[in-house]
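A.B. asks: File name model-v5.csv; file contents CSV, N, CA and C atoms; full text below.
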chain,number,residue,atom,x,y,z
A,1,LEU,N,88.3,79.8,98.4
A,1,LEU,CA,88.5,80.9,97.4
A,1,LEU,C,88.8,80.3,96.1
A,2,ARG,N,87.9,80.6,95.1
A,2,ARG,CA,88.1,80.1,93.7
A,2,ARG,C,88.6,81.3,92.9
A,3,TYR,N,89.6,81.1,92.1
A,3,TYR,CA,90.2,82.1,91.3
A,3,TYR,C,90.9,81.6,90.0
A,4,ILE,N,91.2,82.5,89.2
A,4,ILE,CA,92.0,82.2,87.9
A,4,ILE,C,93.3,82.8,88.1
A,5,THR,N,94.4,82.0,87.9
A,5,THR,CA,95.7,82.4,88.0
A,5,THR,C,96.1,83.3,86.8
A,6,SER,N,97.2,84.0,86.9
A,6,SER,CA,97.7,84.8,85.8
A,6,SER,C,98.0,84.0,84.6
A,7,GLY,N,98.2,82.7,84.8
A,7,GLY,CA,98.4,81.8,83.6
A,7,GLY,C,97.2,81.3,83.0
A,8,GLY,N,96.0,81.6,83.6
A,8,GLY,CA,94.7,81.3,83.0
A,8,GLY,C,94.1,80.0,83.6
A,9,SER,N,94.7,79.3,84.5
A,9,SER,CA,94.1,78.1,85.0
A,9,SER,C,93.3,78.4,86.3
A,10,GLU,N,92.2,77.7,86.5
A,10,GLU,CA,91.3,77.9,87.6
A,10,GLU,C,91.9,77.1,88.8
A,11,ARG,N,91.8,77.7,90.0
A,11,ARG,CA,92.3,77.1,91.2
A,11,ARG,C,91.4,77.4,92.4
A,12,SER,N,91.5,76.7,93.4
A,12,SER,CA,90.8,77.0,94.7
A,12,SER,C,91.7,76.7,95.9
A,13,ASP,N,91.6,77.5,96.9
A,13,ASP,CA,92.4,77.3,98.1
A,13,ASP,C,91.6,77.8,99.3
A,14,GLU,N,91.9,77.4,100.5
A,14,GLU,CA,91.3,77.9,101.6
A,14,GLU,C,91.7,79.4,101.7
A,15,ALA,N,90.8,80.3,102.0
A,15,ALA,CA,91.1,81.7,102.1
A,15,ALA,C,92.3,82.0,103.1
A,16,ALA,N,92.3,81.2,104.2
A,16,ALA,CA,93.4,81.5,105.2
A,16,ALA,C,94.8,81.2,104.6
A,17,ARG,N,94.9,80.4,103.6
A,17,ARG,CA,96.2,80.0,103.0
A,17,ARG,C,96.6,81.0,102.0
A,18,VAL,N,95.8,81.9,101.6
A,18,VAL,CA,96.2,82.9,100.5
A,18,VAL,C,97.0,84.1,101.2
A,19,TYR,N,98.1,84.3,100.7
A,19,TYR,CA,99.1,85.3,101.2
A,19,TYR,C,98.6,86.7,100.9
A,20,LYS,N,98.3,86.9,99.6
A,20,LYS,CA,97.7,88.2,99.2
A,20,LYS,C,97.1,88.0,97.8
A,21,ILE,N,96.2,88.9,97.5
A,21,ILE,CA,95.6,88.8,96.2
A,21,ILE,C,95.9,90.1,95.4
A,22,ALA,N,95.9,90.0,94.1
A,22,ALA,CA,96.0,91.1,93.2
A,22,ALA,C,95.0,91.0,92.2
A,23,VAL,N,94.2,92.1,92.0
A,23,VAL,CA,93.1,92.1,91.0
A,23,VAL,C,93.5,93.2,90.0
A,24,SER,N,93.7,92.8,88.8
A,24,SER,CA,94.1,93.8,87.8
A,24,SER,C,93.1,94.9,87.6
A,25,GLN,N,91.9,94.7,87.8
A,25,GLN,CA,90.8,95.7,87.6
A,25,GLN,C,90.5,96.5,88.9
A,26,ASP,N,91.3,96.3,90.0
A,26,ASP,CA,91.0,97.0,91.2
A,26,ASP,C,92.3,97.4,91.9
A,27,ALA,N,92.7,98.6,91.5
A,27,ALA,CA,94.0,99.2,92.1
A,27,ALA,C,93.9,99.4,93.6
A,28,VAL,N,92.7,99.7,94.1
A,28,VAL,CA,92.6,100.0,95.5
A,28,VAL,C,92.9,98.7,96.3
A,29,LEU,N,92.3,97.6,95.9
A,29,LEU,CA,92.5,96.3,96.6
A,29,LEU,C,93.9,95.9,96.5
A,30,THR,N,94.5,95.9,95.3
A,30,THR,CA,95.8,95.5,95.1
A,30,THR,C,96.8,96.3,95.9
A,31,ALA,N,96.6,97.6,96.0
A,31,ALA,CA,97.5,98.5,96.8
A,31,ALA,C,97.3,98.2,98.3
A,32,ALA,N,96.1,98.0,98.7
A,32,ALA,CA,95.9,97.6,100.1
A,32,ALA,C,96.5,96.3,100.5
A,33,GLU,N,96.5,95.4,99.6
A,33,GLU,CA,97.1,94.1,99.8
A,33,GLU,C,98.6,94.2,99.9
A,34,GLU,N,99.2,95.0,99.0
A,34,GLU,CA,100.6,95.2,99.0
A,34,GLU,C,101.1,95.9,100.3
A,35,ALA,N,100.3,96.9,100.8
A,35,ALA,CA,100.6,97.6,102.0
A,35,ALA,C,100.5,96.6,103.2
A,36,PHE,N,99.4,95.7,103.2
A,36,PHE,CA,99.2,94.8,104.2
A,36,PHE,C,100.4,93.8,104.4
A,37,VAL,N,100.9,93.3,103.2
A,37,VAL,CA,102.0,92.4,103.3
A,37,VAL,C,103.3,93.1,103.7
A,38,ALA,N,103.4,94.4,103.4
A,38,ALA,CA,104.6,95.2,103.8
A,38,ALA,C,104.5,95.7,105.2
A,39,GLN,N,103.4,95.4,105.9
A,39,GLN,CA,103.0,95.9,107.2
A,39,GLN,C,103.0,97.4,107.3
A,40,GLN,N,102.5,98.0,106.2
A,40,GLN,CA,102.3,99.5,106.1
A,40,GLN,C,100.8,99.7,106.5
A,41,TRP,N,100.6,99.6,107.8
A,41,TRP,CA,99.2,99.5,108.3
A,41,TRP,C,98.3,100.7,108.0
A,42,PRO,N,98.8,102.0,108.1
A,42,PRO,CA,97.9,103.1,107.7
A,42,PRO,C,97.4,103.0,106.3
A,43,LYS,N,98.3,102.7,105.3
A,43,LYS,CA,97.9,102.6,103.9
A,43,LYS,C,97.0,101.4,103.7
A,44,ALA,N,97.2,100.3,104.4
A,44,ALA,CA,96.4,99.1,104.2
A,44,ALA,C,95.0,99.4,104.8
A,45,ILE,N,94.9,100.1,105.9
A,45,ILE,CA,93.7,100.4,106.6
A,45,ILE,C,92.9,101.3,105.7
A,46,GLU,N,93.5,102.3,105.1
A,46,GLU,CA,92.8,103.3,104.2
A,46,GLU,C,92.1,102.5,103.0
A,47,GLY,N,92.9,101.7,102.4
A,47,GLY,CA,92.4,101.0,101.2
A,47,GLY,C,91.3,100.0,101.6
A,48,TYR,N,91.5,99.3,102.7
A,48,TYR,CA,90.5,98.3,103.1
A,48,TYR,C,89.2,99.0,103.6
A,49,GLN,N,89.3,100.1,104.2
A,49,GLN,CA,88.1,100.9,104.6
A,49,GLN,C,87.3,101.3,103.4
A,50,ARG,N,87.9,101.7,102.4
A,50,ARG,CA,87.2,102.1,101.2
A,50,ARG,C,86.5,100.9,100.6
A,51,LEU,N,87.1,99.8,100.6
A,51,LEU,CA,86.5,98.6,100.0
A,51,LEU,C,85.4,98.0,101.0
A,52,ALA,N,85.6,98.2,102.2
A,52,ALA,CA,84.6,97.6,103.2
A,52,ALA,C,83.3,98.4,103.2
A,53,ARG,N,83.3,99.7,102.8
A,53,ARG,CA,82.1,100.5,102.7
A,53,ARG,C,81.2,100.2,101.6
A,54,GLY,N,81.7,99.5,100.6
A,54,GLY,CA,80.8,99.2,99.4
A,54,GLY,C,81.5,98.3,98.5
A,55,GLY,N,80.9,98.1,97.4
A,55,GLY,CA,81.5,97.2,96.4
A,55,GLY,C,81.0,95.8,96.5
A,56,GLN,N,81.7,94.9,95.9
A,56,GLN,CA,81.3,93.5,95.8
A,56,GLN,C,81.4,92.8,97.2
A,57,GLU,N,80.5,91.9,97.4
A,57,GLU,CA,80.5,91.2,98.7
A,57,GLU,C,81.7,90.4,98.9
A,58,TRP,N,82.2,89.7,97.9
A,58,TRP,CA,83.4,88.9,98.1
A,58,TRP,C,84.6,89.8,98.5
A,59,LYS,N,84.7,91.0,98.1
A,59,LYS,CA,85.8,91.9,98.5
A,59,LYS,C,85.6,92.3,100.0
A,60,ARG,N,84.4,92.6,100.4
A,60,ARG,CA,84.1,92.9,101.8
A,60,ARG,C,84.5,91.7,102.7
A,61,ARG,N,84.1,90.5,102.2
A,61,ARG,CA,84.4,89.3,103.0
A,61,ARG,C,85.9,89.1,103.1
A,62,TRP,N,86.7,89.5,102.1
A,62,TRP,CA,88.1,89.4,102.2
A,62,TRP,C,88.8,90.4,103.0
A,63,VAL,N,88.3,91.7,102.8
A,63,VAL,CA,89.1,92.8,103.4
A,63,VAL,C,88.7,93.1,104.9
A,64,ILE,N,87.5,92.8,105.3
A,64,ILE,CA,87.1,93.2,106.6
A,64,ILE,C,88.0,92.4,107.7
A,65,PRO,N,88.2,91.1,107.6
A,65,PRO,CA,89.1,90.5,108.6
A,65,PRO,C,90.5,91.0,108.6
A,66,ARG,N,90.9,91.3,107.4
A,66,ARG,CA,92.3,91.9,107.2
A,66,ARG,C,92.3,93.3,107.8
A,67,LEU,N,91.2,94.1,107.6
A,67,LEU,CA,91.2,95.4,108.2
A,67,LEU,C,91.2,95.3,109.7
A,68,ILE,N,90.5,94.4,110.3
A,68,ILE,CA,90.5,94.2,111.8
A,68,ILE,C,92.0,94.0,112.2
A,69,PHE,N,92.7,93.0,111.5
A,69,PHE,CA,94.0,92.7,111.9
A,69,PHE,C,94.9,93.9,111.8
A,70,ALA,N,94.9,94.6,110.6
A,70,ALA,CA,95.7,95.8,110.4
A,70,ALA,C,95.4,96.9,111.4
A,71,ALA,N,94.2,97.1,111.7
A,71,ALA,CA,93.8,98.1,112.7
A,71,ALA,C,94.3,97.7,114.1
A,72,ASN,N,94.2,96.5,114.5
A,72,ASN,CA,94.8,96.0,115.7
A,72,ASN,C,96.3,96.3,115.8
A,73,GLU,N,97.0,96.0,114.7
A,73,GLU,CA,98.4,96.2,114.6
A,73,GLU,C,98.8,97.7,114.7
A,74,ALA,N,98.0,98.5,114.2
A,74,ALA,CA,98.2,100.0,114.2
A,74,ALA,C,97.6,100.7,115.4
A,75,ASN,N,97.0,99.9,116.3
A,75,ASN,CA,96.3,100.5,117.5
A,75,ASN,C,95.3,101.5,117.1
A,76,ARG,N,94.6,101.2,116.0
A,76,ARG,CA,93.4,102.0,115.5
A,76,ARG,C,92.1,101.3,115.9
A,77,VAL,N,91.8,101.5,117.2
A,77,VAL,CA,90.6,100.9,117.8
A,77,VAL,C,89.3,101.3,117.0
A,78,ASP,N,89.3,102.6,116.5
A,78,ASP,CA,88.1,103.1,115.8
A,78,ASP,C,87.9,102.2,114.5
A,79,ALA,N,89.0,102.0,113.8
A,79,ALA,CA,88.9,101.2,112.5
A,79,ALA,C,88.6,99.8,112.8
A,80,ALA,N,89.2,99.2,113.9
A,80,ALA,CA,88.9,97.8,114.2
A,80,ALA,C,87.5,97.6,114.6
A,81,VAL,N,86.9,98.5,115.4
A,81,VAL,CA,85.5,98.3,115.9
A,81,VAL,C,84.6,98.5,114.7
A,82,THR,N,84.8,99.5,113.9
A,82,THR,CA,83.9,99.7,112.7
A,82,THR,C,83.9,98.5,111.8
A,83,ALA,N,85.1,97.9,111.6
A,83,ALA,CA,85.2,96.8,110.7
A,83,ALA,C,84.5,95.6,111.4
A,84,TYR,N,84.7,95.4,112.7
A,84,TYR,CA,84.0,94.3,113.4
A,84,TYR,C,82.5,94.4,113.3
A,85,VAL,N,81.9,95.6,113.4
A,85,VAL,CA,80.5,95.8,113.3
A,85,VAL,C,80.1,95.4,111.8
A,86,ALA,N,80.9,95.8,110.9
A,86,ALA,CA,80.6,95.5,109.5
A,86,ALA,C,80.6,93.9,109.3
A,87,LEU,N,81.6,93.3,109.9
A,87,LEU,CA,81.6,91.8,109.8
A,87,LEU,C,80.5,91.2,110.5
A,88,LEU,N,80.0,91.7,111.6
A,88,LEU,CA,78.8,91.2,112.3
A,88,LEU,C,77.6,91.2,111.4
A,89,ARG,N,77.5,92.3,110.7
A,89,ARG,CA,76.4,92.4,109.7
A,89,ARG,C,76.5,91.4,108.6
A,90,LEU,N,77.7,91.3,108.1
A,90,LEU,CA,78.0,90.4,106.9
A,90,LEU,C,78.0,88.9,107.2
A,91,ASP,N,78.7,88.6,108.3
A,91,ASP,CA,78.8,87.2,108.6
A,91,ASP,C,79.0,87.0,110.1
A,92,PRO,N,77.9,86.9,110.8
A,92,PRO,CA,78.0,86.8,112.3
A,92,PRO,C,78.8,85.6,112.8
A,93,GLU,N,78.8,84.5,112.1
A,93,GLU,CA,79.6,83.4,112.5
A,93,GLU,C,81.1,83.7,112.4
A,94,ALA,N,81.5,84.3,111.4
A,94,ALA,CA,83.0,84.7,111.2
A,94,ALA,C,83.4,85.7,112.2
A,95,ALA,N,82.4,86.6,112.7
A,95,ALA,CA,82.8,87.6,113.6
A,95,ALA,C,83.1,87.0,115.0
A,96,LYS,N,82.7,85.8,115.3
A,96,LYS,CA,83.0,85.2,116.6
A,96,LYS,C,84.5,85.0,116.8
A,97,THR,N,85.3,84.9,115.7
A,97,THR,CA,86.7,84.7,115.8
A,97,THR,C,87.6,85.9,115.4
A,98,ALA,N,86.9,87.0,115.2
A,98,ALA,CA,87.6,88.2,114.6
A,98,ALA,C,87.4,89.4,115.5
A,99,LYS,N,87.2,89.2,116.8
A,99,LYS,CA,87.0,90.4,117.7
A,99,LYS,C,88.2,91.3,117.7
A,100,PRO,N,88.0,92.6,117.7
A,100,PRO,CA,89.1,93.5,117.8
A,100,PRO,C,89.7,93.5,119.2
A,101,GLU,N,91.0,93.9,119.2
A,101,GLU,CA,91.7,94.0,120.5
A,101,GLU,C,91.4,95.4,121.1
A,102,LEU,N,90.8,95.4,122.3
A,102,LEU,CA,90.5,96.7,122.9
A,102,LEU,C,91.6,97.0,123.9
A,103,PRO,N,92.0,98.3,124.0
A,103,PRO,CA,93.1,98.6,124.9
A,103,PRO,C,92.7,98.4,126.4
A,104,SER,N,93.6,98.1,127.2
A,104,SER,CA,93.3,97.9,128.6
A,104,SER,C,92.9,99.2,129.2
A,105,GLY,N,92.0,99.2,130.2
A,105,GLY,CA,91.6,100.4,130.9
A,105,GLY,C,90.5,101.0,130.1
Do you think you could lay out the structure here as structure tokens?
C.D. replies:
Amino acid sequence: LRYITSGGSERSDEAARVYKIAVSQDAVLTAAEEAFVAQQWPKAIEGYQRLARGGQEWKRRWVIPRLIFAANEANRVDAAVTAYVALLRLDPEAAKTAKPELPSG
């Protein structure tokens, strides 16, 4: 992940090491990220679903795995499976490690 800090310097980190992101021009993403960090799963799911349906590819690549995680935490199988299918279309290789948790039975 390459980005510019609030101080104006350019940085890069492995995406897995990034705790959360805030984009000043994207209130939906920033709110979803805040909800995710606070473990407010329904709010995070709602924001991530909006972003996963459209928008920029980098945002979809960021939010879809987080959406799967949040949906699993909230027992929202519908949201997890929908996000997983979107990830399969976007990045089949990444989908191998992001399978949603299905309830037993």
A.B. asks: Give me the residues within 8 Å of stretch 60-62 of chain A as a ChimeraX atom specification, counting all atoms listed in the file and dropping any in the same chain fewer than 3 places off.
C.D. replies: /A:51-57,65-67,86-87,90-91
A.B. asks: Please return, as a list of chain:residue names, all polymer residues that have at least one atom within 5 Å of the point (90.3, 78.3, 94.3); use only N, CA and C atoms and the file's own coordinate frame.
C.D. replies: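 The residues that fall inside the cut-off are A:Leu1, A:Arg2, A:Tyr3, A:Arg11, A:Ser12, A:Asp13.
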A.B. asks: Using only N, CA and C atoms, find the one residue out of A:Val81, A:Gly7, A:Pro42, A:Gly47 that sits nearest to A:Leu29.
C.D. replies: A:Gly47
A.B. asks: Taking only C-alpha atoms into account, name the residue in A:Glu46, A:Glu101, A:Ser9, A:Ala22 that is nearest to A:Val77.
C.D. replies: A:Glu101
A.B. asks: Could you tell me how far atom CA of A:Lys99 lies from atom CA of A:Asn75, in Å and to one decimal?
C.D. replies: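 So the answer is 13.7 Å.
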A.B. asks: Could you write out, as an NGL selection string, all the residues of chain A that DSSP marks as helix (DSSP H, G or I)?
C.D. replies: :A and (15-17 or 27-37 or 41-52 or 57-73 or 77-90 or 92-95)
A.B. asks: Which residue gives the smallest distance to A:Glu73 among A:Ala95, A:Tyr48, A:Trp41, A:Arg89, with only N, CA and C atoms counted?
C.D. replies: A:Trp41
A.B. asks: Measuring atom to atom with only C-alpha atoms, identify which of A:Val63, A:Val85, A:Ala74, A:Val23 is nearest to A:Gln39.
C.D. replies: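 Closest to A:Gln39, using only C-alpha atoms: A:Ala74.
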A.B. asks: Calculate how many Å separate atom CA of A:Phe69 from atom CA of A:Ala38, rounding to one decimal.
C.D. replies: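 Atom CA of A:Ala38 lies 13.6 Å from atom CA of A:Phe69.
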